[in-house]
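What follows is a short report on a single structure.
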Amino acid sequence: MTFNRLAVATLGFAISAGAHLAAAGAKDYEFQAVSAKVKNGAASDIAVRLVDKRTGKPVEGAVIFRTRLDMSPDTMDEMTAKHAAAPSSEPGVYRFKADFTMAGRWALKLQAKVPGETETVEGTIVFNAK
Ligand SMILES: [Cu+2]
């Protein structure tokens, strides 16, 4: 009898743990601007931080596999800027070199794979190039 109750309790725990895992997802992560104000012009440094909203901690090892940098915040959706990933030594910070061609607001749109997360994490960060 005691054993059976323990087995039922263990099963109940396993189900609730599974439900918790299923509820976790891409929405638990957020890209943030390290600094929203950036320098206009070629080879400008821009950086984003990826955080786990459940813990507030930076997320290392994300693979950012798709990016787009455009002026959609200033209603110039078709105006894009070349950019490339750059090395970063700070955990959870992902850097790029961007060739801005116009002062104003630029949106960096990212898609990333995060370790331990099956869903694709997406983010849009607005930078103000001056
Ligand atoms: Cu523009």
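Chain labels run A, B, ... following the order of the structure tokens; each chain numbers its residues from 1, and ligands are numbered from 1 in the order shown.
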
Interface rows for range 79-101 of chain A against range 54-73 of chain A: nearest pair, Å to one decimal, 8 Å, only C-alpha atoms, as CSV:
```
residue,atom,partner,partner_atom,distance
A:Met79,CA,A:Asp70,CA,5.5
A:Thr80,CA,A:Asp70,CA,4.2
A:Ala81,CA,A:Leu69,CA,5.6
A:Lys82,CA,A:Leu69,CA,7.4
A:His83,CA,A:Leu69,CA,7.5
A:Pro91,CA,A:Glu60,CA,5.6
A:Gly92,CA,A:Glu60,CA,4.5
A:Val93,CA,A:Pro58,CA,7.6
```

How would the residues just picked look written out with C-alpha atoms as a PDB file, in the first residue's frame?
```
ATOM      1  CA  MET A  79      16.457  49.659 -47.228  1.00  0.00           C
ATOM      2  CA  THR A  80      18.867  47.073 -45.896  1.00  0.00           C
ATOM      3  CA  ALA A  81      22.393  47.303 -44.547  1.00  0.00           C
ATOM      4  CA  LYS A  82      25.206  44.809 -44.952  1.00  0.00           C
ATOM      5  CA  HIS A  83      26.415  43.329 -41.693  1.00  0.00           C
ATOM      6  CA  PRO A  91      28.972  35.761 -22.408  1.00  0.00           C
ATOM      7  CA  GLY A  92      25.559  36.040 -24.055  1.00  0.00           C
ATOM      8  CA  VAL A  93      26.564  39.044 -26.143  1.00  0.00           C
TER       9      VAL A  93
END
```

request  = Give as a PyMOL selection string the residues surrounding ligand 1 up to a distance of 8 Å, considering only C-alpha atoms and all ligand atoms.
outcome  = chain A and resi 71+74+76+79+101-104

ask   = Which is closer to Gln32 in chain A than all the others in A:Leu108, A:Thr75, A:Gly116, A:Ala86, using only C-alpha atoms?
value = A:Leu108

note = Taken to one decimal, the CA of Ala84 in chain A-CA of Gly123 in chain A distance is 16.9 Å

query = Near Gly25 in chain A, counting only C-alpha atoms, which residues have an atom at most 12 Å away, once you skip same-chain residues fewer than 4 positions from it, shown as a list in words?
reply = Ala19, His20, Leu21, Tyr29, Glu30, Asp52, Lys53, Arg54, Lys113, Val114, Pro115, Gly116, Glu117, Thr118, Glu119, Thr120, Val121 and Glu122 of chain A

Take the residues from that selection and put them in a file with all heavy atoms, as a compact mmCIF listing (two decimals), in the first residue's frame.
```txt
# COMPACT_ATOMS: atom_id res chain seq x y z
N ALA A 19 4.85 18.60 -18.06
CA ALA A 19 4.03 19.74 -18.45
C ALA A 19 4.84 21.03 -18.35
O ALA A 19 4.73 21.91 -19.20
CB ALA A 19 2.80 19.82 -17.55
N HIS A 20 5.68 21.12 -17.33
CA HIS A 20 6.51 22.31 -17.17
C HIS A 20 7.47 22.45 -18.34
O HIS A 20 7.63 23.53 -18.91
CB HIS A 20 7.29 22.25 -15.86
CG HIS A 20 8.23 23.39 -15.69
ND1 HIS A 20 7.81 24.66 -15.36
CD2 HIS A 20 9.56 23.48 -15.84
CE1 HIS A 20 8.84 25.46 -15.32
NE2 HIS A 20 9.93 24.77 -15.61
N LEU A 21 8.09 21.33 -18.72
CA LEU A 21 9.03 21.37 -19.85
C LEU A 21 8.32 21.77 -21.14
O LEU A 21 8.84 22.53 -21.93
CB LEU A 21 9.70 20.00 -20.02
CG LEU A 21 10.76 19.65 -18.97
CD1 LEU A 21 11.27 18.25 -19.18
CD2 LEU A 21 11.91 20.65 -19.01
N TYR A 29 13.04 33.46 -24.01
CA TYR A 29 14.31 34.12 -24.35
C TYR A 29 14.03 35.47 -24.99
O TYR A 29 13.03 35.65 -25.68
CB TYR A 29 15.11 33.24 -25.31
CG TYR A 29 15.43 31.89 -24.73
CD1 TYR A 29 14.57 30.81 -24.93
CD2 TYR A 29 16.56 31.69 -23.94
CE1 TYR A 29 14.83 29.57 -24.38
CE2 TYR A 29 16.83 30.45 -23.39
CZ TYR A 29 15.97 29.40 -23.60
OH TYR A 29 16.23 28.18 -23.05
N GLU A 30 14.96 36.39 -24.78
CA GLU A 30 14.76 37.72 -25.33
C GLU A 30 16.09 38.32 -25.77
O GLU A 30 17.07 38.30 -25.02
CB GLU A 30 14.12 38.63 -24.29
CG GLU A 30 13.78 40.03 -24.80
CD GLU A 30 13.06 40.84 -23.75
OE1 GLU A 30 13.71 41.25 -22.76
OE2 GLU A 30 11.84 41.04 -23.89
N ASP A 52 17.84 34.71 -20.80
CA ASP A 52 16.79 33.78 -20.41
C ASP A 52 15.90 34.53 -19.42
O ASP A 52 16.33 34.88 -18.32
CB ASP A 52 17.41 32.54 -19.75
CG ASP A 52 16.38 31.47 -19.44
OD1 ASP A 52 15.21 31.82 -19.18
OD2 ASP A 52 16.75 30.28 -19.44
N LYS A 53 14.67 34.82 -19.82
CA LYS A 53 13.79 35.66 -19.00
C LYS A 53 13.42 34.99 -17.69
O LYS A 53 13.03 35.66 -16.73
CB LYS A 53 12.52 36.00 -19.79
CG LYS A 53 12.79 36.95 -20.95
CD LYS A 53 11.51 37.56 -21.48
CE LYS A 53 10.79 36.59 -22.39
NZ LYS A 53 9.60 37.22 -23.02
N ARG A 54 13.53 33.65 -17.62
CA ARG A 54 13.19 32.95 -16.39
C ARG A 54 14.22 33.19 -15.30
O ARG A 54 13.91 33.15 -14.12
CB ARG A 54 13.05 31.45 -16.67
CG ARG A 54 11.90 31.12 -17.61
CD ARG A 54 12.01 29.71 -18.14
NE ARG A 54 13.20 29.52 -18.95
CZ ARG A 54 13.52 28.40 -19.58
NH1 ARG A 54 12.72 27.35 -19.47
NH2 ARG A 54 14.60 28.31 -20.31
N LYS A 113 19.11 29.53 -32.84
CA LYS A 113 18.92 28.26 -32.14
C LYS A 113 19.67 28.38 -30.81
O LYS A 113 20.82 28.82 -30.77
CB LYS A 113 19.48 27.10 -32.96
CG LYS A 113 18.61 26.75 -34.15
CD LYS A 113 17.26 26.20 -33.71
CE LYS A 113 16.36 25.87 -34.91
NZ LYS A 113 14.97 25.59 -34.47
N VAL A 114 18.95 28.01 -29.74
CA VAL A 114 19.51 28.13 -28.40
C VAL A 114 19.71 26.72 -27.84
O VAL A 114 18.84 25.86 -28.01
CB VAL A 114 18.53 28.94 -27.51
CG1 VAL A 114 18.97 28.94 -26.06
CG2 VAL A 114 18.40 30.35 -28.05
N PRO A 115 20.84 26.48 -27.18
CA PRO A 115 21.08 25.15 -26.61
C PRO A 115 19.95 24.73 -25.68
O PRO A 115 19.55 25.50 -24.80
CB PRO A 115 22.39 25.32 -25.82
CG PRO A 115 23.07 26.48 -26.46
CD PRO A 115 21.97 27.39 -26.94
N GLY A 116 19.41 23.53 -25.89
CA GLY A 116 18.36 23.00 -25.03
C GLY A 116 16.96 23.46 -25.38
O GLY A 116 16.01 23.11 -24.69
N GLU A 117 16.82 24.27 -26.42
CA GLU A 117 15.51 24.79 -26.82
C GLU A 117 15.23 24.35 -28.26
O GLU A 117 16.02 24.66 -29.15
CB GLU A 117 15.49 26.32 -26.69
CG GLU A 117 14.24 26.99 -27.24
CD GLU A 117 12.98 26.42 -26.61
OE1 GLU A 117 12.86 26.46 -25.39
OE2 GLU A 117 12.12 25.91 -27.36
N THR A 118 14.11 23.66 -28.46
CA THR A 118 13.82 23.14 -29.80
C THR A 118 13.25 24.24 -30.71
O THR A 118 13.47 24.21 -31.92
CB THR A 118 12.82 21.97 -29.74
OG1 THR A 118 11.68 22.39 -28.99
CG2 THR A 118 13.45 20.77 -29.06
N GLU A 119 12.52 25.19 -30.12
CA GLU A 119 11.91 26.23 -30.95
C GLU A 119 12.96 27.26 -31.37
O GLU A 119 13.95 27.48 -30.67
CB GLU A 119 10.80 26.95 -30.17
CG GLU A 119 9.61 26.07 -29.86
CD GLU A 119 8.52 26.80 -29.08
OE1 GLU A 119 8.60 28.03 -28.94
OE2 GLU A 119 7.62 26.12 -28.59
N THR A 120 12.71 27.90 -32.50
CA THR A 120 13.58 28.97 -32.96
C THR A 120 13.27 30.24 -32.17
O THR A 120 12.11 30.62 -32.01
CB THR A 120 13.36 29.23 -34.46
OG1 THR A 120 13.79 28.07 -35.18
CG2 THR A 120 14.15 30.44 -34.94
N VAL A 121 14.32 30.86 -31.65
CA VAL A 121 14.16 32.10 -30.90
C VAL A 121 14.31 33.27 -31.87
O VAL A 121 15.28 33.33 -32.63
CB VAL A 121 15.20 32.19 -29.77
CG1 VAL A 121 15.14 33.55 -29.07
CG2 VAL A 121 14.99 31.06 -28.77
N GLU A 122 13.33 34.19 -31.86
CA GLU A 122 13.36 35.33 -32.76
C GLU A 122 13.39 36.63 -31.97
O GLU A 122 12.89 36.69 -30.84
CB GLU A 122 12.12 35.31 -33.66
CG GLU A 122 12.05 34.08 -34.55
CD GLU A 122 10.88 34.11 -35.51
OE1 GLU A 122 9.77 34.53 -35.09
OE2 GLU A 122 11.07 33.72 -36.65
```

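For Lys39 in chain A, the set of protein, DNA and RNA residues having any atom at most 7 Å away, when counting only C-alpha atoms and skipping those fewer than 4 positions along the same chain, is A:Ser44, A:Ala129, A:Lys130.
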
Limited to C-alpha atoms, could you put the picked residues into a file as a tab-separated table (two decimals), in the first residue's frame?
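Listed below is the output, result-v7.tsv:
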```
chain	number	residue	atom	x	y	z
A	44	SER	CA	29.74	50.31	-37.10
A	129	ALA	CA	22.27	55.25	-35.98
A	130	LYS	CA	23.59	58.80	-35.53
```

inquiry  = I want to know what sits within 8 Å of Ala36 in chain A, based on only C-alpha atoms, with residues of the same chain fewer than 2 positions away left out; could you give that as a list of chain:residue names?
reply    =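 Final neighbour list, sorted by chain and number: A:Ala33, A:Val34, A:Val38, A:Val126, A:Phe127, A:Asn128.
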
query = Which residues in chain A does DSSP call strand (DSSP E)? List them as a PyMOL selection string.
reply = chain A and resi 29-33+37-38+44-52+57-58+63-71+76-80+83-86+93-98+104-113+121-129

request  = Give me, please, the distance in Å between CA of Leu110 in chain A and CA of Thr124 in chain A, quoted to one decimal.
outcome  =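 Between these atoms lies a distance of 6.3 Å.
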
query = When DSSP works through the backbone of this structure, what residues of chain A end up as alpha helix (DSSP H), shown as a ChimeraX atom specification?
reply = /A:2-23

Please save N, CA, C and O atoms of the selected residues as an mmCIF file, in the first residue's frame.
```
data_model
loop_
_atom_site.group_PDB
_atom_site.id
_atom_site.type_symbol
_atom_site.label_atom_id
_atom_site.label_comp_id
_atom_site.auth_asym_id
_atom_site.auth_seq_id
_atom_site.Cartn_x
_atom_site.Cartn_y
_atom_site.Cartn_z
ATOM 1 N N THR A 2 1.845 1.260 0.866
ATOM 2 C CA THR A 2 2.748 2.400 0.920
ATOM 3 C C THR A 2 3.494 2.556 -0.406
ATOM 4 O O THR A 2 3.637 3.641 -0.940
ATOM 5 N N PHE A 3 3.904 1.408 -0.925
ATOM 6 C CA PHE A 3 4.633 1.416 -2.189
ATOM 7 C C PHE A 3 3.764 1.987 -3.314
ATOM 8 O O PHE A 3 4.213 2.793 -4.114
ATOM 9 N N ASN A 4 2.499 1.585 -3.355
ATOM 10 C CA ASN A 4 1.597 2.050 -4.404
ATOM 11 C C ASN A 4 1.394 3.566 -4.342
ATOM 12 O O ASN A 4 1.380 4.245 -5.368
ATOM 13 N N ARG A 5 1.248 4.063 -3.131
ATOM 14 C CA ARG A 5 1.067 5.519 -2.989
ATOM 15 C C ARG A 5 2.299 6.264 -3.488
ATOM 16 O O ARG A 5 2.216 7.281 -4.138
ATOM 17 N N LEU A 6 3.463 5.708 -3.164
ATOM 18 C CA LEU A 6 4.709 6.325 -3.614
ATOM 19 C C LEU A 6 4.775 6.325 -5.144
ATOM 20 O O LEU A 6 5.134 7.327 -5.761
ATOM 21 N N ALA A 7 4.372 5.197 -5.730
ATOM 22 C CA ALA A 7 4.406 5.087 -7.192
ATOM 23 C C ALA A 7 3.481 6.120 -7.823
ATOM 24 O O ALA A 7 3.828 6.786 -8.790
ATOM 25 N N VAL A 8 2.305 6.291 -7.250
ATOM 26 C CA VAL A 8 1.342 7.269 -7.775
ATOM 27 C C VAL A 8 1.907 8.686 -7.629
ATOM 28 O O VAL A 8 1.835 9.502 -8.538
ATOM 29 N N ALA A 9 2.513 8.942 -6.464
ATOM 30 C CA ALA A 9 3.088 10.270 -6.242
ATOM 31 C C ALA A 9 4.207 10.540 -7.239
ATOM 32 O O ALA A 9 4.320 11.626 -7.784
ATOM 33 N N THR A 10 5.025 9.537 -7.517
ATOM 34 C CA THR A 10 6.131 9.695 -8.459
ATOM 35 C C THR A 10 5.601 9.963 -9.861
ATOM 36 O O THR A 10 6.094 10.824 -10.574
ATOM 37 N N LEU A 11 4.553 9.231 -10.233
ATOM 38 C CA LEU A 11 3.954 9.417 -11.555
ATOM 39 C C LEU A 11 3.407 10.839 -11.683
ATOM 40 O O LEU A 11 3.598 11.509 -12.687
ATOM 41 N N GLY A 12 2.745 11.294 -10.632
ATOM 42 C CA GLY A 12 2.188 12.651 -10.652
ATOM 43 C C GLY A 12 3.279 13.689 -10.821
ATOM 44 O O GLY A 12 3.139 14.629 -11.598
ATOM 45 N N PHE A 13 4.404 13.472 -10.168
ATOM 46 C CA PHE A 13 5.520 14.404 -10.290
ATOM 47 C C PHE A 13 6.056 14.401 -11.718
ATOM 48 O O PHE A 13 6.324 15.449 -12.297
ATOM 49 N N ALA A 14 6.182 13.202 -12.294
ATOM 50 C CA ALA A 14 6.713 13.091 -13.651
ATOM 51 C C ALA A 14 5.814 13.833 -14.640
ATOM 52 O O ALA A 14 6.290 14.511 -15.544
ATOM 53 N N ILE A 15 4.503 13.720 -14.456
ATOM 54 C CA ILE A 15 3.564 14.392 -15.366
ATOM 55 C C ILE A 15 3.689 15.910 -15.236
ATOM 56 O O ILE A 15 3.774 16.629 -16.227
ATOM 57 N N SER A 16 3.747 16.403 -14.002
ATOM 58 C CA SER A 16 3.824 17.855 -13.836
ATOM 59 C C SER A 16 5.168 18.379 -14.335
ATOM 60 O O SER A 16 5.253 19.460 -14.904
ATOM 61 N N ALA A 17 6.241 17.585 -14.162
ATOM 62 C CA ALA A 17 7.543 18.011 -14.675
ATOM 63 C C ALA A 17 7.500 18.076 -16.200
ATOM 64 O O ALA A 17 8.033 18.991 -16.814
ATOM 65 N N GLY A 18 6.841 17.086 -16.806
ATOM 66 C CA GLY A 18 6.724 17.077 -18.267
ATOM 67 C C GLY A 18 5.924 18.265 -18.760
ATOM 68 O O GLY A 18 6.290 18.914 -19.736
ATOM 69 N N ALA A 19 4.854 18.598 -18.060
ATOM 70 C CA ALA A 19 4.029 19.735 -18.449
ATOM 71 C C ALA A 19 4.837 21.030 -18.353
ATOM 72 O O ALA A 19 4.727 21.910 -19.200
ATOM 73 N N HIS A 20 5.681 21.117 -17.328
ATOM 74 C CA HIS A 20 6.511 22.312 -17.171
ATOM 75 C C HIS A 20 7.472 22.454 -18.343
ATOM 76 O O HIS A 20 7.627 23.528 -18.906
ATOM 77 N N LEU A 21 8.087 21.334 -18.723
ATOM 78 C CA LEU A 21 9.031 21.368 -19.847
ATOM 79 C C LEU A 21 8.322 21.771 -21.138
ATOM 80 O O LEU A 21 8.839 22.535 -21.934
ATOM 81 N N ALA A 22 7.100 21.242 -21.328
ATOM 82 C CA ALA A 22 6.363 21.543 -22.555
ATOM 83 C C ALA A 22 5.994 23.022 -22.611
ATOM 84 O O ALA A 22 5.924 23.607 -23.678
ATOM 85 N N ALA A 23 5.790 23.636 -21.440
ATOM 86 C CA ALA A 23 5.399 25.042 -21.416
ATOM 87 C C ALA A 23 6.570 25.967 -21.737
ATOM 88 O O ALA A 23 6.370 27.079 -22.182
#
```

key: Distance of CA of Ala24 in chain A from CA of Ile46 in chain A, expressed in Å to one decimal place   =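 So the two atoms, CA of Ile46 in chain A and CA of Ala24 in chain A, lie 29.1 Å apart.
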